[in-house]
Each structure stands twice: as structure tokens, then as C-alpha cells.
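J.: Sending over final.cif (mmCIF, C-alpha atoms).
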data_entry
#
loop_
_atom_site.label_atom_id
_atom_site.label_comp_id
_atom_site.auth_asym_id
_atom_site.auth_seq_id
_atom_site.Cartn_x
_atom_site.Cartn_y
_atom_site.Cartn_z
CA MET A 1 0.00 0.00 0.00
CA SER A 2 1.52 3.30 -1.09
CA GLU A 3 1.86 6.34 1.13
CA GLN A 4 -0.55 8.24 -1.13
CA HIS A 5 -3.14 5.46 -0.90
CA GLU A 6 -3.03 5.43 2.89
CA LEU A 7 -3.21 9.24 3.03
CA ILE A 8 -6.36 9.20 0.89
CA ARG A 9 -7.94 6.51 3.05
CA GLU A 10 -7.09 8.36 6.28
CA THR A 11 -8.49 11.61 4.88
CA ALA A 12 -11.76 9.91 3.96
CA GLU A 13 -11.99 8.23 7.36
CA ARG A 14 -11.37 11.49 9.19
CA VAL A 15 -13.94 13.47 7.19
CA PHE A 16 -16.61 10.77 7.50
CA SER A 17 -15.94 10.23 11.20
CA ASP A 18 -16.24 13.95 11.94
CA LEU A 19 -19.16 14.87 9.68
CA CYS A 20 -21.16 11.76 8.78
CA THR A 21 -23.11 11.41 12.01
CA LYS A 22 -26.22 9.31 12.52
CA GLU A 23 -28.23 12.55 12.65
CA LEU A 24 -26.91 13.57 9.23
CA VAL A 25 -27.75 10.17 7.73
CA ASP A 26 -31.22 10.30 9.28
CA SER A 27 -31.84 13.76 7.81
CA ALA A 28 -30.62 12.55 4.40
CA GLU A 29 -33.07 9.65 4.56
CA ALA A 30 -35.77 12.22 5.32
CA GLY A 31 -34.91 14.05 2.08
CA GLU A 32 -32.33 16.68 3.09
CA TRP A 33 -29.26 16.83 0.85
CA PRO A 34 -26.08 16.93 3.03
CA THR A 35 -24.64 20.05 1.46
CA GLY A 36 -21.91 20.59 4.05
CA LEU A 37 -20.55 17.05 3.72
CA TRP A 38 -20.47 17.18 -0.07
CA THR A 39 -18.79 20.62 -0.02
CA THR A 40 -16.08 19.38 2.33
CA LEU A 41 -15.45 16.30 0.21
CA ALA A 42 -15.35 18.37 -2.99
CA GLU A 43 -12.77 20.70 -1.43
CA THR A 44 -10.52 17.67 -0.72
CA GLY A 45 -11.05 16.26 -4.22
CA LEU A 46 -12.26 12.90 -2.87
CA PRO A 47 -15.33 12.53 -5.15
CA LEU A 48 -13.08 12.42 -8.24
CA VAL A 49 -10.22 10.33 -6.84
CA GLY A 50 -9.18 7.57 -9.23
CA LEU A 51 -9.97 9.68 -12.30
CA SER A 52 -7.24 11.24 -14.43
CA GLU A 53 -6.36 14.89 -13.94
CA GLU A 54 -6.19 15.12 -17.74
CA TYR A 55 -9.98 14.77 -17.79
CA ALA A 56 -10.62 17.00 -14.73
CA GLY A 57 -10.35 14.22 -12.15
CA SER A 58 -8.31 14.30 -8.93
CA GLY A 59 -5.71 11.74 -9.99
CA GLY A 60 -4.80 8.44 -8.37
CA ASP A 61 -5.93 4.99 -9.46
CA THR A 62 -8.89 2.68 -8.96
CA SER A 63 -7.62 1.34 -5.64
CA ASP A 64 -7.56 4.87 -4.20
CA MET A 65 -11.27 5.37 -4.91
CA LEU A 66 -12.11 1.90 -3.62
CA ALA A 67 -10.40 2.81 -0.33
CA VAL A 68 -12.64 5.90 -0.12
CA LEU A 69 -15.73 3.83 -0.88
CA ARG A 70 -14.90 1.23 1.77
CA GLU A 71 -14.82 4.02 4.35
CA ALA A 72 -18.05 5.41 2.89
CA GLY A 73 -19.66 2.03 3.48
CA ARG A 74 -18.43 1.94 7.07
CA PHE A 75 -20.03 5.29 7.82
CA CYS A 76 -23.18 4.97 5.62
CA VAL A 77 -22.27 8.12 3.69
CA PRO A 78 -25.54 9.31 2.07
CA LEU A 79 -23.92 10.68 -1.09
CA PRO A 80 -23.47 9.41 -4.68
CA LEU A 81 -19.72 8.89 -4.34
CA ALA A 82 -19.74 5.56 -6.18
CA GLU A 83 -22.07 6.93 -8.85
CA THR A 84 -19.95 10.04 -9.37
CA TYR A 85 -16.90 7.82 -9.86
CA LEU A 86 -18.76 5.50 -12.26
CA ALA A 87 -20.08 8.42 -14.31
CA GLY A 88 -16.66 10.05 -14.38
CA ARG A 89 -14.95 6.83 -15.43
CA LEU A 90 -17.36 6.36 -18.34
CA ILE A 91 -16.71 9.94 -19.46
CA GLU A 92 -12.96 9.53 -19.05
CA GLN A 93 -13.02 6.32 -21.10
CA CYS A 94 -14.69 8.27 -23.91
CA GLY A 95 -12.08 11.04 -23.73
CA GLY A 96 -14.47 13.68 -22.38
CA GLN A 97 -14.03 16.28 -19.67
CA ILE A 98 -15.64 15.37 -16.35
CA PRO A 99 -18.13 18.02 -15.16
CA ALA A 100 -18.10 19.37 -11.62
CA GLY A 101 -20.70 18.39 -9.04
CA PRO A 102 -22.40 15.14 -8.07
CA MET A 103 -23.17 12.73 -10.92
CA THR A 104 -25.08 9.49 -11.36
CA VAL A 105 -25.62 6.83 -14.01
CA ALA A 106 -28.84 5.50 -15.51
CA THR A 107 -29.37 2.25 -17.39
CA GLY A 108 -32.73 1.68 -18.98
CA ASN A 109 -34.57 1.86 -22.26
CA PHE A 110 -33.05 4.81 -24.15
CA THR A 111 -32.80 5.68 -27.84
CA LEU A 112 -30.99 8.32 -29.86
CA SER A 113 -32.64 9.99 -32.85
CA GLY A 114 -31.28 13.05 -34.58
CA GLY A 115 -28.98 13.76 -31.66
CA ARG A 116 -31.85 13.72 -29.19
CA LEU A 117 -32.19 11.30 -26.27
CA SER A 118 -35.47 9.72 -25.25
CA GLY A 119 -36.35 6.93 -22.85
CA HIS A 120 -36.74 6.02 -19.21
CA ALA A 121 -34.95 4.23 -16.37
CA GLN A 122 -35.87 2.96 -12.93
CA SER A 123 -33.93 3.02 -9.65
CA VAL A 124 -31.43 5.69 -10.65
CA PRO A 125 -29.31 6.43 -7.55
CA PHE A 126 -29.63 10.00 -6.26
CA ALA A 127 -31.03 11.29 -9.58
CA ARG A 128 -32.86 14.15 -7.85
CA ASP A 129 -29.64 15.39 -6.23
CA CYS A 130 -27.13 15.05 -9.09
CA GLU A 131 -26.29 17.75 -11.58
CA THR A 132 -25.36 15.29 -14.34
CA ILE A 133 -26.82 11.92 -15.38
CA VAL A 134 -24.66 9.73 -17.61
CA VAL A 135 -26.72 7.39 -19.81
CA PRO A 136 -25.21 4.44 -21.74
CA VAL A 137 -26.83 4.17 -25.18
CA GLY A 138 -26.21 2.17 -28.34
CA ASP A 139 -27.80 0.40 -31.27
CA GLY A 140 -25.82 -2.83 -31.10
CA GLU A 141 -23.11 -1.57 -33.44
CA THR A 142 -22.22 1.81 -32.00
CA SER A 143 -21.75 2.28 -28.25
CA ALA A 144 -21.89 5.68 -26.63
CA ILE A 145 -22.86 7.63 -23.54
CA ALA A 146 -25.09 10.67 -23.27
CA ILE A 147 -24.21 13.36 -20.72
CA LEU A 148 -27.58 14.62 -19.57
CA PRO A 149 -28.16 17.64 -17.33
CA ARG A 150 -30.61 16.74 -14.58
CA SER A 151 -32.85 19.65 -15.65
CA ASP A 152 -33.55 17.80 -18.94
CA ALA A 153 -35.01 14.75 -17.17
CA GLU A 154 -38.33 14.30 -15.43
CA ILE A 155 -37.65 12.86 -11.98
CA GLU A 156 -40.00 10.37 -10.31
CA ARG A 157 -38.94 10.42 -6.67
CA ARG A 158 -38.56 7.04 -4.99
CA ARG A 159 -36.47 5.52 -2.20
CA ASN A 160 -35.17 2.07 -1.38
CA LEU A 161 -35.42 0.23 1.95
CA ALA A 162 -32.33 2.08 3.18
CA GLY A 163 -33.92 5.47 2.55
CA GLU A 164 -31.53 6.19 -0.33
CA ALA A 165 -32.92 7.99 -3.38
CA ARG A 166 -33.56 5.50 -6.19
CA ASP A 167 -35.53 7.63 -8.61
CA GLY A 168 -37.20 6.95 -11.91
CA ILE A 169 -36.31 9.27 -14.78
CA VAL A 170 -38.07 10.05 -18.06
CA VAL A 171 -36.36 11.86 -20.95
CA ASN A 172 -38.31 13.20 -23.91
CA GLY A 173 -36.12 14.28 -26.81
CA ALA A 174 -33.41 16.03 -24.81
CA ARG A 175 -30.36 17.22 -26.74
CA ALA A 176 -27.31 16.04 -24.80
CA PRO A 177 -23.61 15.72 -25.61
CA ILE A 178 -22.85 12.23 -26.98
CA LEU A 179 -19.47 10.53 -26.57
CA THR A 180 -18.66 7.30 -28.41
CA THR A 181 -16.69 4.42 -26.91
CA SER A 182 -15.11 1.24 -28.25
CA SER A 183 -16.44 -0.93 -25.41
CA ASP A 184 -19.97 -1.64 -24.20
CA PRO A 185 -20.74 1.02 -21.54
CA ARG A 186 -23.57 -1.10 -20.10
CA GLU A 187 -21.17 -3.98 -19.45
CA ASP A 188 -18.54 -1.60 -18.07
CA LEU A 189 -21.10 -0.05 -15.74
CA LEU A 190 -22.26 -3.47 -14.51
CA VAL A 191 -18.72 -4.65 -13.75
CA TRP A 192 -17.47 -1.40 -12.22
CA GLY A 193 -20.72 -1.02 -10.27
CA ALA A 194 -20.30 -4.51 -8.78
CA MET A 195 -16.75 -3.55 -7.83
CA THR A 196 -17.83 -0.39 -6.00
CA ARG A 197 -20.73 -2.10 -4.20
CA SER A 198 -18.43 -4.93 -3.10
CA VAL A 199 -16.02 -2.66 -1.26
CA MET A 200 -18.87 -0.59 0.20
CA MET A 201 -20.50 -3.75 1.58
CA SER A 202 -17.18 -4.91 3.04
CA GLY A 203 -16.88 -1.58 4.86
CA ALA A 204 -20.43 -1.79 6.21
CA LEU A 205 -19.88 -5.40 7.34
CA SER A 206 -16.72 -4.46 9.23
CA SER A 207 -18.68 -1.74 11.01
CA VAL A 208 -21.47 -4.22 11.85
CA LEU A 209 -18.90 -6.53 13.47
CA GLU A 210 -17.34 -3.69 15.48
CA MET A 211 -20.75 -2.57 16.74
CA SER A 212 -21.84 -6.11 17.64
CA VAL A 213 -18.68 -6.88 19.63
CA SER A 214 -18.86 -3.53 21.41
CA TYR A 215 -22.52 -4.01 22.32
CA ALA A 216 -21.91 -7.56 23.57
CA LEU A 217 -19.19 -6.27 25.89
CA GLU A 218 -21.41 -3.48 27.24
CA ARG A 219 -24.80 -5.20 27.53
CA ALA A 220 -25.17 -7.14 30.78
CA GLN A 221 -27.56 -9.96 31.63
CA PHE A 222 -27.63 -11.94 34.85
CA GLY A 223 -24.84 -9.80 36.24
CA ARG A 224 -22.28 -10.18 33.44
CA PRO A 225 -21.73 -8.96 29.87
CA ILE A 226 -23.52 -11.07 27.28
CA ALA A 227 -20.13 -11.50 25.57
CA LYS A 228 -19.32 -13.94 28.38
CA PHE A 229 -22.04 -16.35 27.25
CA GLN A 230 -20.84 -19.18 25.02
CA ALA A 231 -23.80 -18.89 22.64
CA ILE A 232 -23.03 -15.21 21.99
CA GLN A 233 -19.33 -15.96 21.57
CA GLN A 234 -20.15 -18.60 18.99
CA GLN A 235 -22.39 -16.22 17.05
CA LEU A 236 -19.75 -13.48 17.09
CA ALA A 237 -17.14 -15.97 15.88
CA VAL A 238 -19.32 -16.86 12.89
CA LEU A 239 -19.91 -13.17 12.20
CA ALA A 240 -16.16 -12.47 12.40
CA GLY A 241 -15.48 -15.28 9.93
CA GLU A 242 -17.98 -13.90 7.42
CA VAL A 243 -16.55 -10.40 7.73
CA ALA A 244 -12.96 -11.67 7.40
CA ALA A 245 -13.88 -13.52 4.20
CA SER A 246 -15.61 -10.41 2.86
CA LEU A 247 -12.66 -8.15 3.62
CA ARG A 248 -10.31 -10.62 1.94
CA ALA A 249 -12.51 -10.69 -1.15
CA ALA A 250 -12.63 -6.89 -1.20
CA ASP A 251 -8.85 -6.67 -0.71
CA SER A 252 -8.41 -8.58 -3.97
CA LEU A 253 -9.94 -5.57 -5.75
CA LEU A 254 -7.49 -3.06 -4.29
CA SER A 255 -5.13 -3.29 -7.24
CA ALA A 256 -4.52 -0.76 -9.96
CA ASP A 257 -7.23 -2.34 -12.14
CA PRO A 258 -8.98 -5.53 -10.88
CA ASP A 259 -10.22 -7.96 -13.53
CA VAL A 260 -13.78 -9.20 -14.05
CA LEU A 261 -13.09 -12.56 -12.40
CA ASP A 262 -11.94 -10.94 -9.14
CA ILE A 263 -14.95 -8.62 -9.17
CA ALA A 264 -17.39 -11.48 -9.79
CA ILE A 265 -15.94 -13.54 -6.94
CA ALA A 266 -15.93 -10.57 -4.57
CA LYS A 267 -19.52 -9.57 -5.30
CA SER A 268 -20.61 -13.20 -4.90
CA ARG A 269 -18.78 -13.86 -1.63
CA ILE A 270 -19.60 -10.56 0.02
CA GLY A 271 -23.24 -10.81 -1.05
CA GLU A 272 -23.43 -14.28 0.51
CA ALA A 273 -22.10 -12.88 3.79
CA VAL A 274 -24.87 -10.29 4.13
CA ALA A 275 -27.71 -12.57 5.31
CA PRO A 276 -25.87 -14.49 8.09
CA SER A 277 -23.95 -11.41 9.21
CA THR A 278 -26.97 -9.12 9.57
CA GLU A 279 -29.00 -11.90 11.18
CA ILE A 280 -26.36 -12.48 13.84
CA ALA A 281 -25.82 -8.76 14.42
CA HIS A 282 -29.52 -8.21 15.08
CA GLN A 283 -29.73 -11.30 17.30
CA VAL A 284 -26.83 -10.00 19.41
CA HIS A 285 -28.35 -6.52 19.66
CA GLY A 286 -31.87 -7.76 20.32
CA ALA A 287 -34.84 -5.50 19.66
CA ILE A 288 -32.84 -2.28 20.03
CA GLY A 289 -30.93 -2.98 16.79
CA TYR A 290 -34.15 -2.72 14.78
CA THR A 291 -35.12 0.67 16.14
CA LEU A 292 -34.47 3.86 14.20
CA ASP A 293 -32.64 5.19 17.25
CA HIS A 294 -29.82 2.68 16.78
CA ALA A 295 -27.13 3.00 14.10
CA LEU A 296 -27.02 -0.75 13.36
CA ASN A 297 -30.07 -0.57 11.11
CA LEU A 298 -28.37 2.10 8.98
CA ARG A 299 -25.79 -0.54 7.99
CA THR A 300 -28.02 -3.58 7.70
CA ARG A 301 -30.66 -1.86 5.56
CA ARG A 302 -27.98 -0.67 3.15
CA LEU A 303 -26.41 -4.11 2.99
CA TRP A 304 -29.75 -5.68 2.09
CA CYS A 305 -30.14 -3.16 -0.75
CA TRP A 306 -26.56 -3.05 -2.03
CA ARG A 307 -26.29 -6.83 -2.42
CA GLU A 308 -29.03 -6.65 -5.08
CA GLU A 309 -27.51 -3.80 -7.08
CA HIS A 310 -25.26 -4.43 -10.11
CA GLY A 311 -26.06 -8.15 -9.93
CA ASN A 312 -26.63 -10.13 -6.75
CA GLU A 313 -24.52 -13.10 -5.67
CA ALA A 314 -26.66 -15.64 -7.57
CA TRP A 315 -26.35 -13.64 -10.80
CA TRP A 316 -22.57 -13.41 -10.55
CA GLN A 317 -22.25 -17.08 -9.58
CA ARG A 318 -24.14 -18.08 -12.73
CA ARG A 319 -21.87 -15.84 -14.78
CA LEU A 320 -18.79 -17.41 -13.19
CA ALA A 321 -20.13 -20.90 -13.91
CA ARG A 322 -20.80 -20.04 -17.56
CA GLY A 323 -17.28 -18.66 -17.88
CA PHE A 324 -15.69 -21.86 -16.57
CA ILE A 325 -17.96 -24.08 -18.68
CA GLU A 326 -17.12 -22.16 -21.84
CA GLN A 327 -13.43 -22.91 -21.30
CA GLY A 328 -14.17 -26.59 -21.88
CA PRO A 329 -13.74 -29.66 -19.65
CA ASP A 330 -9.95 -29.73 -19.94
CA ARG A 331 -9.66 -26.22 -18.49
CA LEU A 332 -12.32 -26.50 -15.77
CA TRP A 333 -10.21 -27.81 -12.89
CA PRO A 334 -7.03 -25.87 -13.77
CA GLY A 335 -9.11 -22.69 -13.95
CA ILE A 336 -10.62 -23.28 -10.53
CA ALA A 337 -7.29 -24.33 -8.99
CA ALA A 338 -5.65 -21.16 -10.28
CA LEU A 339 -7.90 -19.13 -7.98
CA ALA A 340 -6.41 -20.73 -4.84
#
Show this structure as C-alpha cells.

T.:
Amino acid sequence: MSEQHELIRETAERVFSDLCTKELVDSAEAGEWPTGLWTTLAETGLPLVGLSEEYAGSGGDTSDMLAVLREAGRFCVPLPLAETYLAGRLIEQCGGQIPAGPMTVATGNFTLSGGRLSGHAQSVPFARDCETIVVPVGDGETSAIAILPRSDAEIERRRNLAGEARDGIVVNGARAPILTTSSDPREDLLVWGAMTRSVMMSGALSSVLEMSVSYALERAQFGRPIAKFQAIQQQLAVLAGEVAASLRAADSLLSADPDVLDIAIAKSRIGEAVAPSTEIAHQVHGAIGYTLDHALNLRTRRLWCWREEHGNEAWWQRRLARGFIEQGPDRLWPGIAALA
């Protein structure tokens, strides 16, 4: 890990620890945009880390942004940091200049005709709050992205279980800048999106473990902390194992440019860890963990939502299986063994 990488991670941790309080997250879930937090992050350049300065990014590589996103997952940061990175990376790949301000990405049913964009998409993260919406488009032969100002889209406000904005958008003949690309932007967005969600989930899971251990040491029953009971110790051990496996899977992505295989395995393994980990965490906390007054539910609700975004574990496991099968029987076992 380079000195620059660790400096970026420590900066993100310090900003989130100081400013991303439970009260701020609660107010964001109620519909208030956290202007102060975004302004502070923008001043540090963190939203555009991992994007080339040549295209108006902050510099650094993919692993630097993933380190920021892991901390964002730990603290339930209610901002489109992953989406801003994804939008910026698509623009950078096309050789365009990255606009300032929060951005998001929208995949749906869109068409281009005479330089005008029309169509609709569901569950667009933070669409109401972003200044720019990047839309992958193409006709099967030509792949491109449209850079759409939010003012040119009709926003249908919706939220997911975690209280995060997941809006519908409708576009009727908007004229937007179009950038062509040699790769499929929908596939790129799927893979990169799975990568960002994986590290965010690993951060949230590590926080869930920390909170569960701390609560078990503080909460007393029958005159002693519940952490002294063997049943609780066994549950926490299982939780720790799931979190350790998730962090290891996420660590495999902290390279300059992780490949699709590593991303697929990480999204699969971390997604699998969500159900047993959140179940144990809530069992250890008891009823208080379900209340809105407790910060545990901020993590668990996001984990339940994030595991489904950009392909859940079952989707990526099927894709992995198809990939191994397509290599043929002679390559099946060597391919699996090479992952060890």
C-alpha cells in the first residue's frame, strides 16, 4: 500500500468520522441533501479520486477510490460517491471532460434519434440530487454515452429500503452531448458497479462486526456482559469469519485495475455474507438494533439493498459458472485451482 493510498484513506476516514453522524444520515433519509458534507469532500477532491487529472479528475488509481468507498460504506455516507466515480470513469473512457458536481448513471430503455435522447430508467441512484446523469446508449453496433443535465429529465422520486434515493427518470427528446466508446458502456457499468458495491459492503460489514462486539461487551444480563455467554461468543465468531472472508474478497480488488473474475468472486462472496452477518448482528443486539434510534439498522438496511444492485450473488455465480464451462472440460479444474 503506497503512502498516497493510505493518506487518501485516512483523509476519507477522518472526514466521514467527523461529519457523517447518525443525525446527518437520518436527515438525508428524510430528504435533506447533506450540502456541508459534499462541499467538504469536494474541497478535498475525494469525489473524483481515481480519475485522471487530464480529464478533470483528482488523480490516483482505482484502488484509491475503492479505499474511499470502503470508508463510505463503514459510515453509511448518504452521497453518490460511487455513482460520481462510475459516471466520471465512463466519461474519461470516452475522452471527455468530467463536469463538476455530483453525478449518477442511468441504465434503462433509451434511444438516440437526430442527436436527441429519449427513454426512461428505474432506480437511478440520487437522480434528484445530481447535476449530471450519464446514460449508456447504443444500437448494437455503436456504443456511446449521453451526458444529460438533470434539468432535462423528469424525476420520479422514490427511495429504497435504506432510505436512499432511487428515482425513476423520463427523458423526452433532450439534446445532450454524446461521446462514443469502443467498449460496451452497459457492461462496463455493470462490472465497475459490482466492484464499488463490493467494497462498500465490506466496509459496512466491518462496522457491523465492530458494533456487535462492542454491544456484547457493554450489555449485561444476569450480572455479566452477554459477551461472556458461550452462545453469543459462537455467534460473534461466525460473524467475524464472514466479515474476514468479505474483507479478503474486497482486498483482492485493491489493485490498480482488478479484472472481471476478481470482481465477480468478490460480489458473490460478500453478497453471501450479508444474510448471516446481519441476522447475527440483530440477534446480538436484540430488539434495540431494529429501532431507528440505533445505528445498526443504517448498515443492515444498506447491505440488504446493495447486495441486489449491479447483480446479486446468484447472478454473478451463474456468470462465473458459464465462464468456466465455456473454457471446456480440460480447463475447468485448472481454472478453478488457479484461484487458490

J.: Using all atoms listed in the file, which residues sit within 7 Å of Asn109 of chain A once same-chain residues fewer than 6 positions away are excluded, as a ChimeraX atom specification?

T.: /A:119-121

J.: Write out as CSV a residue-level contact list of segment 92-210 of chain A versus segment 265-286 of chain A with cut-off 12 Å: for each qualifying residue the closest pair of atoms and the distance in Å to one decimal, counting all atoms listed in the file, rows sorted by chain and residue number upward.

T.:
residue,atom,partner,partner_atom,distance
A:Leu190,CA,A:Lys267,CA,11.4
A:Val191,CA,A:Lys267,CA,9.8
A:Trp192,CA,A:Lys267,CA,10.9
A:Gly193,CA,A:Lys267,CA,10.0
A:Ala194,CA,A:Lys267,CA,6.2
A:Met195,CA,A:Lys267,CA,7.1
A:Thr196,CA,A:Lys267,CA,9.4
A:Arg197,CA,A:Lys267,CA,7.6
A:Ser198,CA,A:Lys267,CA,5.2
A:Val199,CA,A:Ala266,CA,8.6
A:Met200,CA,A:Ile270,CA,10.0
A:Met201,CA,A:Ile270,CA,7.0
A:Ser202,CA,A:Ile270,CA,6.8
A:Gly203,CA,A:Ile270,CA,10.6
A:Ala204,CA,A:Val274,CA,9.8
A:Leu205,CA,A:Ser277,CA,7.5
A:Ser206,CA,A:Ser277,CA,10.0
A:Ser207,CA,A:Ala281,CA,10.6
A:Val208,CA,A:Ala281,CA,6.8
A:Leu209,CA,A:Ala281,CA,7.3
A:Glu210,CA,A:Ala281,CA,9.9

J.: If I wrap all listed atoms of segment 282-287 of chain A in a box with edges along x, y and z and add 8 Å on each side, what are its centre and edge lengths in Å to one decimal, as AutoDock Vina command-line options?

T.:
--center_x -30.8 --center_y -8.4 --center_z 17.7 --size_x 24.0 --size_y 21.8 --size_z 21.2

J.: Can you work out which one of A:His310, A:Arg89, A:His294, A:Arg301 has the shortest atom-to-atom distance to Tyr55 of chain A, counting all atoms listed in the file?

T.: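 Counting all atoms listed in the file, the residue closest to Tyr55 of chain A is A:Arg89.
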
J.: Expressed in Å to a single decimal, how great is the separation between atom CA of Gly88 of chain A and atom CA of Gly45 of chain A?

T.: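 Result for atom CA of Gly88 of chain A versus atom CA of Gly45 of chain A: 13.2 Å, one decimal.
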
J.: Residues near Gln97 of chain A, anyone? I mean within 10 Å using all atoms listed in the file, not counting same-chain ones fewer than 4 positions away, as an NGL selection string.

T.: :A and (52-57 or 88 or 91-92)

J.: Could you write out the selected residues, including C-alpha atoms, as a PDB file, keeping the file's coordinate frame?

T.:
ATOM      1  CA  SER A  52      -7.240  11.240 -14.430  1.00  0.00           C
ATOM      2  CA  GLU A  53      -6.360  14.890 -13.940  1.00  0.00           C
ATOM      3  CA  GLU A  54      -6.190  15.120 -17.740  1.00  0.00           C
ATOM      4  CA  TYR A  55      -9.980  14.770 -17.790  1.00  0.00           C
ATOM      5  CA  ALA A  56     -10.620  17.000 -14.730  1.00  0.00           C
ATOM      6  CA  GLY A  57     -10.350  14.220 -12.150  1.00  0.00           C
ATOM      7  CA  GLY A  88     -16.660  10.050 -14.380  1.00  0.00           C
ATOM      8  CA  ILE A  91     -16.710   9.940 -19.460  1.00  0.00           C
ATOM      9  CA  GLU A  92     -12.960   9.530 -19.050  1.00  0.00           C
TER      10      GLU A  92
END
